[in-house]
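This report refers to the structure that appears directly beneath it.
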Amino acid sequence: MPRFEPFAGIRYATDDLAAVTAPPYDVIDAEERAALVAQHPHNVVLVDMPTDPEDSGGLGAYAGAAALFARWRAEGVLVDDAPALYPYRMTFTDEAGTRRHTLGVLGALGIDAESRADVLPHEHTTPKAHSDRLELLRATRANLSAIWGLSLTSGLTDLIDLDAAEPLGRWDDPDGVTHELWRLDSPAAVKAVTDAVSSNPVVVADGHHRYSTCQIFAGEDGAPAGANATLCLVVELDAEQLTVQPIHRLISGLGADVDLAGALAVDFEIGELEPLPGPDVVARLVAERALALVTPDGLRLLHPVDGPGPDGAEPHAVEPLDSVRVADALDGLGAEVKYQHGVGHAVAAVTGGRAQAAILLRPVSVEQIRATADARGLMPPKSTFFWPKPRTGTVFRSLEP
């Protein structure tokens with residue numbers, strides 16, 4: 001079973017975490033990085049995204065990031081903690097106007113062979129070079145950002161004792177998400193959480209690439225002792241704790257002789273043409289158990305022919321994934337498929353001529369994630385978009401003793 005432990009954290013001395021934290025590196029573009037650098041001289045992107053030559057002091061990007069990280073520790077910008085776990089909560093309003101939250105705990109998740117056997121990827125990942133994250137890990141010898149894991153242990157959330165924890169910060173991000181961080185070192189409270197996490201598999205929700213990079217580094221000669229684990233935010237796999245948004249499919253490259261709606265009719269009942277949708281269409285798709293085809297002239301609902309229709313029939317215990325249905329339906333059509341989060345962005349791609357059509361998917365359910373994990377299976381790439389995203393810079397973990 002996975003090993004999950006407290007660790008000696010490194011964290012910002014300031015409680016103004018809004019100024020120094022940032023979104024995950026892989027969702028930040030050059031313009032946003034520049035804005036974060038301008039926002040605060042100690043913003044985490046200076047070490048987690050060392051792409052600006054001016055930041056390196058002539059050492060090169062990765063060596064410069066390591067030197068800057070060391071200097072911040074020496075100057076007291078960052079402080080060293082005794083071993084602890086770090087509860088972390090994100091509170092937000094979803095698209096339906098409902099106030100929701102995600103509560104998890106930051107700790108050290110093992111990547112040794114025994115732990116790794118029960119740390120499960122949940123979907124196939126698109127190819128990505130390891131060089132950037134691996135070079136940064138080699139230089140800094142620290143986990144600068146956390147992966148996100150989903151624990152299959154029911155009741156884990158109730159074991160995170162915030163009354164026994166020390167508040168470290170509360171701040172809002174530009175997306176209106178409220179983030180809160182605590183430090184938990186009560187032996188009984190820590191043991192309750194670590195025992196619970198270690199009793200069942202953990203599914204990697206976000207950070208497959210960083211997790212595999214840590215495995216590569218741990219196997220290298222001279223890797224420090226702390227390389228046998230990585231920083232991880234663990235959240236219970238529970239519908240109350242997770243907001244999973246769909247990633248829609250943009251369709252291009254179809255020949256003039258290809259009737260997309262006709263091809264989809266093999267696997268779906270095609271609805272009548274309707275006006276182009278707004279962002280609330282996803283809730284409608286869930287309620288009507290349907291997908292949707294968007295073309296420049298409007299929207300058509302797609303009801304799977306092997307699934308429950310809109311007439312209230314009982315659904316399957318666990319329905320097939322929409323991403324699987326779409327991949328099967330498009331097979332052999334010669335379509336170029338791209339991935340797009342957000343209904344508005346998908347519709348804009350179609351109406352703006354950047355895609356011939358879009359297929360809108362429903363969000364993957366917690367039951368589908370659990371069923372896939374129980375079967376040790378993998379979802380197709382880009383099946384899930386977990387939101388909101390934890391901030392980078394809440395706490396760091398050194399790999400050195």
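In the structure tokens, chains take the letters A, B, ... in the order shown, each chain's residues start at 1, and ligands count up from 1 in the order shown.
Counting only C-alpha atoms, stretch 4-20 of chain A has the following residues at most 6 Å away, ignoring those fewer than 5 positions along the same chain: His40, Asn43, Val44, Val77, Leu78, Val79, Asp80, Asp81, Ala82, Pro83, Ala84, Leu85, Gly107, Ala108, Leu109, Gly169, Trp171, Thr194, Val395, Phe396 and Arg397 of chain A.
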May I have the selected residues written with all heavy atoms, as a compact mmCIF listing (two decimals), in the first residue's frame?
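Saved the output as selection20.txt:
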# COMPACT_ATOMS: atom_id res chain seq x y z
N HIS A 40 5.47 40.16 -7.20
CA HIS A 40 6.25 40.05 -5.96
C HIS A 40 7.66 39.55 -6.29
O HIS A 40 7.81 38.62 -7.10
CB HIS A 40 5.58 39.08 -4.97
CG HIS A 40 6.07 39.22 -3.57
ND1 HIS A 40 7.27 38.69 -3.15
CD2 HIS A 40 5.53 39.83 -2.48
CE1 HIS A 40 7.44 38.96 -1.87
NE2 HIS A 40 6.40 39.66 -1.43
N ASN A 43 8.04 35.69 -5.86
CA ASN A 43 7.01 34.78 -6.36
C ASN A 43 7.63 33.45 -6.78
O ASN A 43 8.72 33.40 -7.35
CB ASN A 43 6.26 35.39 -7.54
CG ASN A 43 5.03 34.57 -7.91
OD1 ASN A 43 5.11 33.58 -8.62
ND2 ASN A 43 3.88 34.98 -7.38
N VAL A 44 6.91 32.37 -6.51
CA VAL A 44 7.44 31.02 -6.70
C VAL A 44 7.82 30.72 -8.14
O VAL A 44 8.69 29.86 -8.40
CB VAL A 44 6.42 29.98 -6.18
CG1 VAL A 44 5.15 30.00 -7.02
CG2 VAL A 44 7.02 28.58 -6.14
N VAL A 77 13.52 34.37 3.70
CA VAL A 77 12.30 34.45 2.89
C VAL A 77 11.50 33.16 3.05
O VAL A 77 10.27 33.16 3.14
CB VAL A 77 12.64 34.70 1.41
CG1 VAL A 77 11.38 34.62 0.54
CG2 VAL A 77 13.33 36.03 1.24
N LEU A 78 12.22 32.05 3.10
CA LEU A 78 11.65 30.74 3.37
C LEU A 78 12.15 30.26 4.72
O LEU A 78 13.29 30.51 5.09
CB LEU A 78 12.05 29.74 2.28
CG LEU A 78 11.66 30.08 0.85
CD1 LEU A 78 12.23 29.06 -0.13
CD2 LEU A 78 10.14 30.18 0.69
N VAL A 79 11.28 29.57 5.45
CA VAL A 79 11.65 29.04 6.76
C VAL A 79 11.48 27.52 6.77
O VAL A 79 10.64 26.97 6.06
CB VAL A 79 10.80 29.67 7.88
CG1 VAL A 79 11.09 31.17 7.99
CG2 VAL A 79 9.31 29.44 7.65
N ASP A 80 12.30 26.86 7.58
CA ASP A 80 12.25 25.41 7.70
C ASP A 80 11.35 25.01 8.87
O ASP A 80 11.41 25.61 9.94
CB ASP A 80 13.66 24.85 7.94
CG ASP A 80 14.55 24.96 6.71
OD1 ASP A 80 14.06 25.46 5.68
OD2 ASP A 80 15.71 24.55 6.78
N ASP A 81 10.53 24.00 8.64
CA ASP A 81 9.61 23.48 9.64
C ASP A 81 10.09 22.14 10.18
O ASP A 81 10.84 21.41 9.50
CB ASP A 81 8.23 23.25 9.02
CG ASP A 81 7.24 24.34 9.39
OD1 ASP A 81 7.50 25.10 10.33
OD2 ASP A 81 6.19 24.41 8.71
N ALA A 82 9.60 21.79 11.36
CA ALA A 82 9.72 20.41 11.84
C ALA A 82 8.70 19.55 11.09
O ALA A 82 7.75 20.08 10.48
CB ALA A 82 9.46 20.37 13.34
N PRO A 83 8.87 18.23 11.08
CA PRO A 83 7.97 17.36 10.32
C PRO A 83 6.50 17.57 10.69
O PRO A 83 6.14 17.69 11.86
CB PRO A 83 8.44 15.96 10.68
CG PRO A 83 9.90 16.13 10.97
CD PRO A 83 9.99 17.45 11.68
N ALA A 84 5.66 17.63 9.66
CA ALA A 84 4.22 17.84 9.85
C ALA A 84 3.50 17.46 8.56
O ALA A 84 4.11 17.23 7.52
CB ALA A 84 3.94 19.30 10.20
N LEU A 85 2.18 17.40 8.65
CA LEU A 85 1.31 17.38 7.48
C LEU A 85 0.69 18.77 7.34
O LEU A 85 0.63 19.54 8.30
CB LEU A 85 0.20 16.34 7.65
CG LEU A 85 0.61 14.88 7.73
CD1 LEU A 85 -0.62 14.01 7.99
CD2 LEU A 85 1.32 14.42 6.46
N GLY A 107 1.45 15.86 2.07
CA GLY A 107 2.41 15.00 2.75
C GLY A 107 3.38 14.42 1.74
O GLY A 107 3.36 14.79 0.56
N ALA A 108 4.23 13.51 2.20
CA ALA A 108 5.23 12.86 1.34
C ALA A 108 4.70 11.49 0.94
O ALA A 108 4.50 10.62 1.78
CB ALA A 108 6.56 12.74 2.07
N LEU A 109 4.47 11.31 -0.36
CA LEU A 109 3.96 10.05 -0.90
C LEU A 109 5.11 9.24 -1.47
O LEU A 109 5.88 9.72 -2.30
CB LEU A 109 2.93 10.34 -2.00
CG LEU A 109 2.27 9.13 -2.66
CD1 LEU A 109 1.36 8.40 -1.68
CD2 LEU A 109 1.48 9.55 -3.90
N GLY A 169 -2.35 30.46 6.60
CA GLY A 169 -2.69 31.48 5.62
C GLY A 169 -4.04 31.24 4.99
O GLY A 169 -4.52 30.11 4.91
N TRP A 171 -6.19 33.06 1.55
CA TRP A 171 -6.09 34.06 0.49
C TRP A 171 -6.98 33.67 -0.69
O TRP A 171 -7.37 32.51 -0.83
CB TRP A 171 -4.64 34.22 0.04
CG TRP A 171 -4.04 33.06 -0.72
CD1 TRP A 171 -3.84 32.98 -2.07
CD2 TRP A 171 -3.56 31.82 -0.19
NE1 TRP A 171 -3.27 31.78 -2.41
CE2 TRP A 171 -3.07 31.05 -1.27
CE3 TRP A 171 -3.47 31.28 1.10
CZ2 TRP A 171 -2.53 29.77 -1.11
CZ3 TRP A 171 -2.93 30.00 1.27
CH2 TRP A 171 -2.47 29.27 0.17
N THR A 194 -2.27 9.42 8.14
CA THR A 194 -1.31 8.61 7.38
C THR A 194 -1.73 7.14 7.33
O THR A 194 -1.55 6.48 6.30
CB THR A 194 0.10 8.74 7.98
OG1 THR A 194 0.08 8.39 9.37
CG2 THR A 194 0.62 10.16 7.82
N VAL A 395 3.90 25.09 0.19
CA VAL A 395 4.93 24.45 0.98
C VAL A 395 5.85 23.69 0.02
O VAL A 395 5.40 23.21 -1.02
CB VAL A 395 4.33 23.53 2.07
CG1 VAL A 395 3.58 22.37 1.45
CG2 VAL A 395 5.39 23.04 3.05
N PHE A 396 7.13 23.62 0.36
CA PHE A 396 8.11 22.88 -0.44
C PHE A 396 8.65 21.74 0.40
O PHE A 396 8.54 21.73 1.63
CB PHE A 396 9.27 23.80 -0.85
CG PHE A 396 8.85 25.08 -1.49
CD1 PHE A 396 8.84 26.28 -0.77
CD2 PHE A 396 8.43 25.12 -2.82
CE1 PHE A 396 8.45 27.47 -1.36
CE2 PHE A 396 8.05 26.31 -3.40
CZ PHE A 396 8.04 27.48 -2.68
N ARG A 397 9.29 20.77 -0.28
CA ARG A 397 9.87 19.62 0.41
C ARG A 397 11.29 19.37 -0.10
O ARG A 397 11.47 19.08 -1.29
CB ARG A 397 9.01 18.37 0.20
CG ARG A 397 9.61 17.10 0.79
CD ARG A 397 8.71 15.88 0.58
NE ARG A 397 9.40 14.68 0.99
CZ ARG A 397 10.15 13.92 0.21
NH1 ARG A 397 10.30 14.25 -1.07
NH2 ARG A 397 10.76 12.84 0.67
Name the residues of stretch 90-233 of chain A that come out as helix (DSSP H, G or I) in a backbone DSSP run; write them as an NGL selection string. :A and (113-116 or 131-140 or 156-159 or 162-164 or 187-197 or 208-218 or 225-228)
Export C-alpha atoms of the chosen residues as a PDB file, in the first residue's frame?
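The resulting file, part-v7.pdb, is shown below:
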ATOM      1  CA  ALA A 113       8.563  -0.008  -5.591  1.00  0.00           C
ATOM      2  CA  GLU A 114       6.297  -1.124  -2.761  1.00  0.00           C
ATOM      3  CA  SER A 115       4.421   2.172  -2.569  1.00  0.00           C
ATOM      4  CA  ARG A 116       4.343   2.628  -6.334  1.00  0.00           C
ATOM      5  CA  SER A 131      13.973  17.186 -19.378  1.00  0.00           C
ATOM      6  CA  ASP A 132      12.607  20.439 -17.869  1.00  0.00           C
ATOM      7  CA  ARG A 133      11.195  19.025 -14.619  1.00  0.00           C
ATOM      8  CA  LEU A 134      14.063  16.546 -14.284  1.00  0.00           C
ATOM      9  CA  GLU A 135      16.737  19.230 -14.676  1.00  0.00           C
ATOM     10  CA  LEU A 136      14.945  21.415 -12.128  1.00  0.00           C
ATOM     11  CA  LEU A 137      14.694  18.501  -9.685  1.00  0.00           C
ATOM     12  CA  ARG A 138      18.379  17.655 -10.122  1.00  0.00           C
ATOM     13  CA  ALA A 139      19.403  21.268  -9.509  1.00  0.00           C
ATOM     14  CA  THR A 140      17.147  22.192  -6.595  1.00  0.00           C
ATOM     15  CA  LEU A 156     -10.487  10.286   5.080  1.00  0.00           C
ATOM     16  CA  THR A 157     -11.866  13.845   5.015  1.00  0.00           C
ATOM     17  CA  ASP A 158     -13.347  13.469   8.504  1.00  0.00           C
ATOM     18  CA  LEU A 159      -9.918  12.478   9.867  1.00  0.00           C
ATOM     19  CA  LEU A 162      -8.476  21.259  11.507  1.00  0.00           C
ATOM     20  CA  ASP A 163      -9.186  22.054  15.174  1.00  0.00           C
ATOM     21  CA  ALA A 164      -5.810  20.530  16.041  1.00  0.00           C
ATOM     22  CA  PRO A 187       0.912  12.737  16.701  1.00  0.00           C
ATOM     23  CA  ALA A 188      -2.563  11.227  17.021  1.00  0.00           C
ATOM     24  CA  ALA A 189      -4.048  13.362  14.232  1.00  0.00           C
ATOM     25  CA  VAL A 190      -1.077  12.722  11.935  1.00  0.00           C
ATOM     26  CA  LYS A 191      -1.232   8.968  12.537  1.00  0.00           C
ATOM     27  CA  ALA A 192      -4.965   8.849  11.822  1.00  0.00           C
ATOM     28  CA  VAL A 193      -4.437  10.497   8.422  1.00  0.00           C
ATOM     29  CA  THR A 194      -1.306   8.606   7.381  1.00  0.00           C
ATOM     30  CA  ASP A 195      -2.785   5.242   8.398  1.00  0.00           C
ATOM     31  CA  ALA A 196      -5.935   6.003   6.410  1.00  0.00           C
ATOM     32  CA  VAL A 197      -4.073   7.058   3.259  1.00  0.00           C
ATOM     33  CA  HIS A 208       1.478  12.064 -13.731  1.00  0.00           C
ATOM     34  CA  HIS A 209       4.451  13.647 -15.479  1.00  0.00           C
ATOM     35  CA  ARG A 210       6.036  14.983 -12.272  1.00  0.00           C
ATOM     36  CA  TYR A 211       5.473  11.643 -10.524  1.00  0.00           C
ATOM     37  CA  SER A 212       7.289   9.745 -13.280  1.00  0.00           C
ATOM     38  CA  THR A 213      10.061  12.377 -13.283  1.00  0.00           C
ATOM     39  CA  CYS A 214      10.582  11.756  -9.559  1.00  0.00           C
ATOM     40  CA  GLN A 215      10.872   8.028 -10.261  1.00  0.00           C
ATOM     41  CA  ILE A 216      13.591   8.689 -12.841  1.00  0.00           C
ATOM     42  CA  PHE A 217      15.510  10.928 -10.429  1.00  0.00           C
ATOM     43  CA  ALA A 218      15.207   8.442  -7.560  1.00  0.00           C
ATOM     44  CA  ALA A 225      17.544   9.847   0.549  1.00  0.00           C
ATOM     45  CA  GLY A 226      14.429  11.996   0.271  1.00  0.00           C
ATOM     46  CA  ALA A 227      14.059  11.116  -3.398  1.00  0.00           C
ATOM     47  CA  ASN A 228      12.135   7.989  -2.383  1.00  0.00           C
TER      48      ASN A 228
END
Could you state the separation of atom CA of A:Asp280 and atom CA of A:Leu264 in Å, given to one decimal place?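 These two atoms are separated by 23.5 Å.
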For a quick check of understanding, using only C-alpha atoms, which of A:Val347, A:Ala290, A:Leu152, A:Val305 has the smallest distance to A:Asp322?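 Answer, going by the shortest atom-to-atom distance: A:Ala290.
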Going by DSSP on the backbone, which residues of stretch 228-287 of chain A come out as strand (DSSP E or B)? List them as a list of chain:residue names.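 Assigned to strand (DSSP E or B), within stretch 228-287 of chain A: A:Ala229, A:Thr230, A:Leu231, A:Cys232, A:Leu233, A:Val234, A:Val235, A:Glu236, A:Val244, A:Gln245, A:Ile247, A:His248, A:Arg249, A:Leu250, A:Ile251, A:Ser252, A:Phe268, A:Glu269, A:Ile270, A:Glu274.
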Put those residues in a file: N, CA, C and O atoms, as a tab-separated table (two decimals), in the first residue's frame.
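The resulting out-v2.tsv:
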chain	number	residue	atom	x	y	z
A	229	ALA	N	10.36	9.66	-2.12
A	229	ALA	CA	8.99	10.13	-1.96
A	229	ALA	C	8.84	11.45	-2.70
A	229	ALA	O	9.84	12.06	-3.12
A	230	THR	N	7.61	11.90	-2.85
A	230	THR	CA	7.37	13.19	-3.49
A	230	THR	C	6.24	13.92	-2.79
A	230	THR	O	5.39	13.30	-2.13
A	231	LEU	N	6.22	15.22	-2.92
A	231	LEU	CA	5.19	16.04	-2.31
A	231	LEU	C	3.85	15.78	-3.01
A	231	LEU	O	3.76	15.81	-4.23
A	232	CYS	N	2.82	15.52	-2.21
A	232	CYS	CA	1.52	15.15	-2.78
A	232	CYS	C	0.39	15.71	-1.94
A	232	CYS	O	0.40	15.61	-0.71
A	233	LEU	N	-0.60	16.31	-2.60
A	233	LEU	CA	-1.85	16.67	-1.98
A	233	LEU	C	-2.81	15.50	-2.14
A	233	LEU	O	-3.16	15.14	-3.27
A	234	VAL	N	-3.22	14.90	-1.03
A	234	VAL	CA	-4.13	13.76	-1.07
A	234	VAL	C	-5.53	14.22	-0.66
A	234	VAL	O	-5.70	14.84	0.39
A	235	VAL	N	-6.50	13.91	-1.51
A	235	VAL	CA	-7.90	14.26	-1.28
A	235	VAL	C	-8.71	12.97	-1.39
A	235	VAL	O	-8.42	12.12	-2.24
A	236	GLU	N	-9.71	12.83	-0.54
A	236	GLU	CA	-10.56	11.65	-0.62
A	236	GLU	C	-11.32	11.63	-1.95
A	236	GLU	O	-11.83	12.66	-2.41
A	244	VAL	N	-15.06	17.75	-10.98
A	244	VAL	CA	-14.43	17.25	-12.20
A	244	VAL	C	-15.15	17.87	-13.38
A	244	VAL	O	-16.36	17.69	-13.54
A	245	GLN	N	-14.44	18.62	-14.18
A	245	GLN	CA	-15.03	19.24	-15.35
A	245	GLN	C	-14.64	18.47	-16.60
A	245	GLN	O	-13.59	17.81	-16.64
A	247	ILE	N	-13.45	17.73	-20.54
A	247	ILE	CA	-12.57	18.27	-21.57
A	247	ILE	C	-13.20	17.88	-22.91
A	247	ILE	O	-13.32	16.68	-23.23
A	248	HIS	N	-13.63	18.87	-23.66
A	248	HIS	CA	-14.37	18.62	-24.89
A	248	HIS	C	-13.43	18.31	-26.05
A	248	HIS	O	-12.21	18.50	-25.96
A	249	ARG	N	-13.99	17.82	-27.15
A	249	ARG	CA	-13.22	17.43	-28.33
A	249	ARG	C	-13.51	18.37	-29.49
A	249	ARG	O	-14.68	18.59	-29.84
A	250	LEU	N	-12.45	18.93	-30.07
A	250	LEU	CA	-12.56	19.73	-31.28
A	250	LEU	C	-12.20	18.86	-32.47
A	250	LEU	O	-11.18	18.17	-32.45
A	251	ILE	N	-13.03	18.90	-33.49
A	251	ILE	CA	-12.88	18.03	-34.65
A	251	ILE	C	-12.47	18.85	-35.87
A	251	ILE	O	-13.14	19.82	-36.24
A	252	SER	N	-11.38	18.45	-36.52
A	252	SER	CA	-10.92	19.09	-37.75
A	252	SER	C	-10.43	18.01	-38.71
A	252	SER	O	-10.35	16.83	-38.35
A	268	PHE	N	-25.01	6.97	-31.69
A	268	PHE	CA	-25.84	7.92	-30.95
A	268	PHE	C	-27.15	8.17	-31.68
A	268	PHE	O	-27.20	8.13	-32.91
A	269	GLU	N	-28.19	8.46	-30.91
A	269	GLU	CA	-29.42	9.01	-31.47
A	269	GLU	C	-29.22	10.52	-31.58
A	269	GLU	O	-28.90	11.19	-30.60
A	270	ILE	N	-29.39	11.05	-32.78
A	270	ILE	CA	-29.08	12.46	-33.05
A	270	ILE	C	-30.34	13.30	-32.84
A	270	ILE	O	-31.38	13.04	-33.46
A	274	GLU	N	-30.58	22.78	-32.54
A	274	GLU	CA	-30.93	23.81	-31.56
A	274	GLU	C	-29.93	24.96	-31.68
A	274	GLU	O	-28.87	24.82	-32.30
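Taking atom CA of A:Gly255 as the reference point, atom CA of A:Leu273 is found at 22.1 Å.
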Near A:Tyr25, within 12 Å and counting only C-alpha atoms, which residues show up once chain neighbours fewer than 5 positions away are dropped, as a PyMOL selection string? chain A and resi 30+32-33+36+44-51+132-133+144-147+207+210+389-393
Shell around A:His179 at 12 Å using only C-alpha atoms, local window under 4 positions removed, as a PDB file with N, CA and C atoms, in the first residue's frame:
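result_9.pdb was written with the following content:
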ATOM      1  N   ASP A  16       1.243  36.430   3.399  1.00  0.00           N
ATOM      2  CA  ASP A  16       0.619  36.972   2.192  1.00  0.00           C
ATOM      3  C   ASP A  16       0.851  35.999   1.041  1.00  0.00           C
ATOM      4  N   LEU A  17       0.230  34.840   1.144  1.00  0.00           N
ATOM      5  CA  LEU A  17       0.477  33.788   0.157  1.00  0.00           C
ATOM      6  C   LEU A  17      -0.161  34.097  -1.190  1.00  0.00           C
ATOM      7  N   ALA A  18      -1.081  35.041  -1.223  1.00  0.00           N
ATOM      8  CA  ALA A  18      -1.648  35.449  -2.517  1.00  0.00           C
ATOM      9  C   ALA A  18      -0.576  36.043  -3.411  1.00  0.00           C
ATOM     10  N   THR A  21       2.413  32.793  -4.204  1.00  0.00           N
ATOM     11  CA  THR A  21       2.050  31.514  -4.811  1.00  0.00           C
ATOM     12  C   THR A  21       1.608  31.730  -6.254  1.00  0.00           C
ATOM     13  N   ALA A  22       1.412  30.611  -6.977  1.00  0.00           N
ATOM     14  CA  ALA A  22       1.075  30.687  -8.404  1.00  0.00           C
ATOM     15  C   ALA A  22       0.301  29.440  -8.807  1.00  0.00           C
ATOM     16  N   PRO A  23      -0.374  29.482  -9.951  1.00  0.00           N
ATOM     17  CA  PRO A  23      -0.982  28.264 -10.483  1.00  0.00           C
ATOM     18  C   PRO A  23       0.101  27.245 -10.845  1.00  0.00           C
ATOM     19  N   PRO A  87      -2.779  20.392   6.067  1.00  0.00           N
ATOM     20  CA  PRO A  87      -4.130  20.435   5.489  1.00  0.00           C
ATOM     21  C   PRO A  87      -4.280  21.656   4.579  1.00  0.00           C
ATOM     22  N   TYR A  88      -5.049  21.467   3.500  1.00  0.00           N
ATOM     23  CA  TYR A  88      -5.182  22.512   2.474  1.00  0.00           C
ATOM     24  C   TYR A  88      -6.599  22.445   1.936  1.00  0.00           C
ATOM     25  N   ARG A  89      -7.272  23.604   1.934  1.00  0.00           N
ATOM     26  CA  ARG A  89      -8.666  23.639   1.477  1.00  0.00           C
ATOM     27  C   ARG A  89      -8.846  24.720   0.417  1.00  0.00           C
ATOM     28  N   MET A  90      -9.636  24.396  -0.607  1.00  0.00           N
ATOM     29  CA  MET A  90     -10.023  25.343  -1.648  1.00  0.00           C
ATOM     30  C   MET A  90     -11.540  25.473  -1.627  1.00  0.00           C
ATOM     31  N   THR A  91     -12.057  26.693  -1.504  1.00  0.00           N
ATOM     32  CA  THR A  91     -13.492  26.958  -1.453  1.00  0.00           C
ATOM     33  C   THR A  91     -13.854  27.850  -2.628  1.00  0.00           C
ATOM     34  N   PHE A  92     -14.959  27.541  -3.302  1.00  0.00           N
ATOM     35  CA  PHE A  92     -15.276  28.220  -4.558  1.00  0.00           C
ATOM     36  C   PHE A  92     -16.756  28.066  -4.859  1.00  0.00           C
ATOM     37  N   HIS A 101     -16.287  23.033  -1.724  1.00  0.00           N
ATOM     38  CA  HIS A 101     -14.909  23.063  -1.249  1.00  0.00           C
ATOM     39  C   HIS A 101     -14.235  21.721  -1.516  1.00  0.00           C
ATOM     40  N   THR A 102     -12.912  21.763  -1.533  1.00  0.00           N
ATOM     41  CA  THR A 102     -12.069  20.576  -1.632  1.00  0.00           C
ATOM     42  C   THR A 102     -11.072  20.642  -0.479  1.00  0.00           C
ATOM     43  N   LEU A 103     -11.089  19.648   0.392  1.00  0.00           N
ATOM     44  CA  LEU A 103     -10.173  19.595   1.530  1.00  0.00           C
ATOM     45  C   LEU A 103      -9.278  18.370   1.391  1.00  0.00           C
ATOM     46  N   GLY A 104      -7.974  18.600   1.451  1.00  0.00           N
ATOM     47  CA  GLY A 104      -7.009  17.506   1.396  1.00  0.00           C
ATOM     48  C   GLY A 104      -5.869  17.779   2.339  1.00  0.00           C
ATOM     49  N   PRO A 167      -3.329  27.470  11.773  1.00  0.00           N
ATOM     50  CA  PRO A 167      -3.574  28.171  10.509  1.00  0.00           C
ATOM     51  C   PRO A 167      -2.306  28.891  10.031  1.00  0.00           C
ATOM     52  N   LEU A 168      -2.013  28.764   8.742  1.00  0.00           N
ATOM     53  CA  LEU A 168      -0.829  29.408   8.166  1.00  0.00           C
ATOM     54  C   LEU A 168      -1.159  30.492   7.156  1.00  0.00           C
ATOM     55  N   GLY A 169      -2.350  30.461   6.603  1.00  0.00           N
ATOM     56  CA  GLY A 169      -2.688  31.484   5.617  1.00  0.00           C
ATOM     57  C   GLY A 169      -4.044  31.243   4.994  1.00  0.00           C
ATOM     58  N   ARG A 170      -4.665  32.336   4.569  1.00  0.00           N
ATOM     59  CA  ARG A 170      -5.951  32.292   3.855  1.00  0.00           C
ATOM     60  C   ARG A 170      -5.918  33.399   2.817  1.00  0.00           C
ATOM     61  N   TRP A 171      -6.185  33.055   1.552  1.00  0.00           N
ATOM     62  CA  TRP A 171      -6.093  34.057   0.486  1.00  0.00           C
ATOM     63  C   TRP A 171      -6.976  33.669  -0.688  1.00  0.00           C
ATOM     64  N   ASP A 172      -7.303  34.671  -1.499  1.00  0.00           N
ATOM     65  CA  ASP A 172      -8.117  34.467  -2.693  1.00  0.00           C
ATOM     66  C   ASP A 172      -7.247  34.577  -3.935  1.00  0.00           C
ATOM     67  N   ASP A 173      -7.535  33.749  -4.939  1.00  0.00           N
ATOM     68  CA  ASP A 173      -6.801  33.849  -6.198  1.00  0.00           C
ATOM     69  C   ASP A 173      -7.633  34.611  -7.222  1.00  0.00           C
ATOM     70  N   PRO A 174      -7.073  34.939  -8.384  1.00  0.00           N
ATOM     71  CA  PRO A 174      -7.814  35.733  -9.380  1.00  0.00           C
ATOM     72  C   PRO A 174      -9.074  35.061  -9.906  1.00  0.00           C
ATOM     73  N   ASP A 175      -9.207  33.748  -9.742  1.00  0.00           N
ATOM     74  CA  ASP A 175     -10.409  33.042 -10.189  1.00  0.00           C
ATOM     75  C   ASP A 175     -11.493  33.011  -9.128  1.00  0.00           C
ATOM     76  N   PRO A 388     -10.924  23.387  -8.564  1.00  0.00           N
ATOM     77  CA  PRO A 388      -9.846  24.309  -8.910  1.00  0.00           C
ATOM     78  C   PRO A 388      -8.480  23.665  -8.753  1.00  0.00           C
ATOM     79  N   LYS A 389      -7.433  24.371  -9.191  1.00  0.00           N
ATOM     80  CA  LYS A 389      -6.080  23.844  -9.141  1.00  0.00           C
ATOM     81  C   LYS A 389      -5.377  24.318  -7.859  1.00  0.00           C
ATOM     82  N   PRO A 390      -4.720  23.404  -7.135  1.00  0.00           N
ATOM     83  CA  PRO A 390      -3.939  23.831  -5.966  1.00  0.00           C
ATOM     84  C   PRO A 390      -2.822  24.783  -6.381  1.00  0.00           C
ATOM     85  N   ARG A 391      -2.504  25.729  -5.542  1.00  0.00           N
ATOM     86  CA  ARG A 391      -1.443  26.689  -5.829  1.00  0.00           C
ATOM     87  C   ARG A 391      -0.067  26.078  -5.568  1.00  0.00           C
ATOM     88  N   THR A 392       0.879  26.466  -6.371  1.00  0.00           N
ATOM     89  CA  THR A 392       2.278  26.117  -6.141  1.00  0.00           C
ATOM     90  C   THR A 392       2.889  27.171  -5.219  1.00  0.00           C
ATOM     91  N   THR A 394       2.712  26.811  -1.680  1.00  0.00           N
ATOM     92  CA  THR A 394       2.158  26.724  -0.336  1.00  0.00           C
ATOM     93  C   THR A 394       3.190  26.128   0.636  1.00  0.00           C
TER      94      THR A 394
END
Provide the atom CA of A:Gly149 to atom CA of A:Val203 distance in Å, to one decimal place. 5.4 Å
Find the spatial neighbours of A:Gly298, counting only C-alpha atoms, within a cut-off of 12 Å - ignore same-chain residues fewer than 5 positions away - and output them as a VMD selection string. chain A and resid 271 to 278 292 to 293 347 350 to 351 357 to 359
Contacts of A:Ala165 at 6 Å (only C-alpha atoms; same-chain gap of 5+ positions) as JSON, numbers by chain: {"A": [182, 183, 184]}
Residues just named, written with N, CA and C atoms as a PDB file, in the first residue's frame:
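Writing the result to selection.pdb gives the following:
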ATOM      1  N   TRP A 182      -3.000  24.971   6.618  1.00  0.00           N
ATOM      2  CA  TRP A 182      -2.739  24.732   8.026  1.00  0.00           C
ATOM      3  C   TRP A 182      -1.500  23.851   8.183  1.00  0.00           C
ATOM      4  N   ARG A 183      -0.986  23.806   9.400  1.00  0.00           N
ATOM      5  CA  ARG A 183       0.095  22.889   9.767  1.00  0.00           C
ATOM      6  C   ARG A 183      -0.418  21.959  10.862  1.00  0.00           C
ATOM      7  N   LEU A 184      -0.261  20.650  10.660  1.00  0.00           N
ATOM      8  CA  LEU A 184      -0.786  19.649  11.589  1.00  0.00           C
ATOM      9  C   LEU A 184       0.354  18.755  12.052  1.00  0.00           C
TER      10      LEU A 184
END
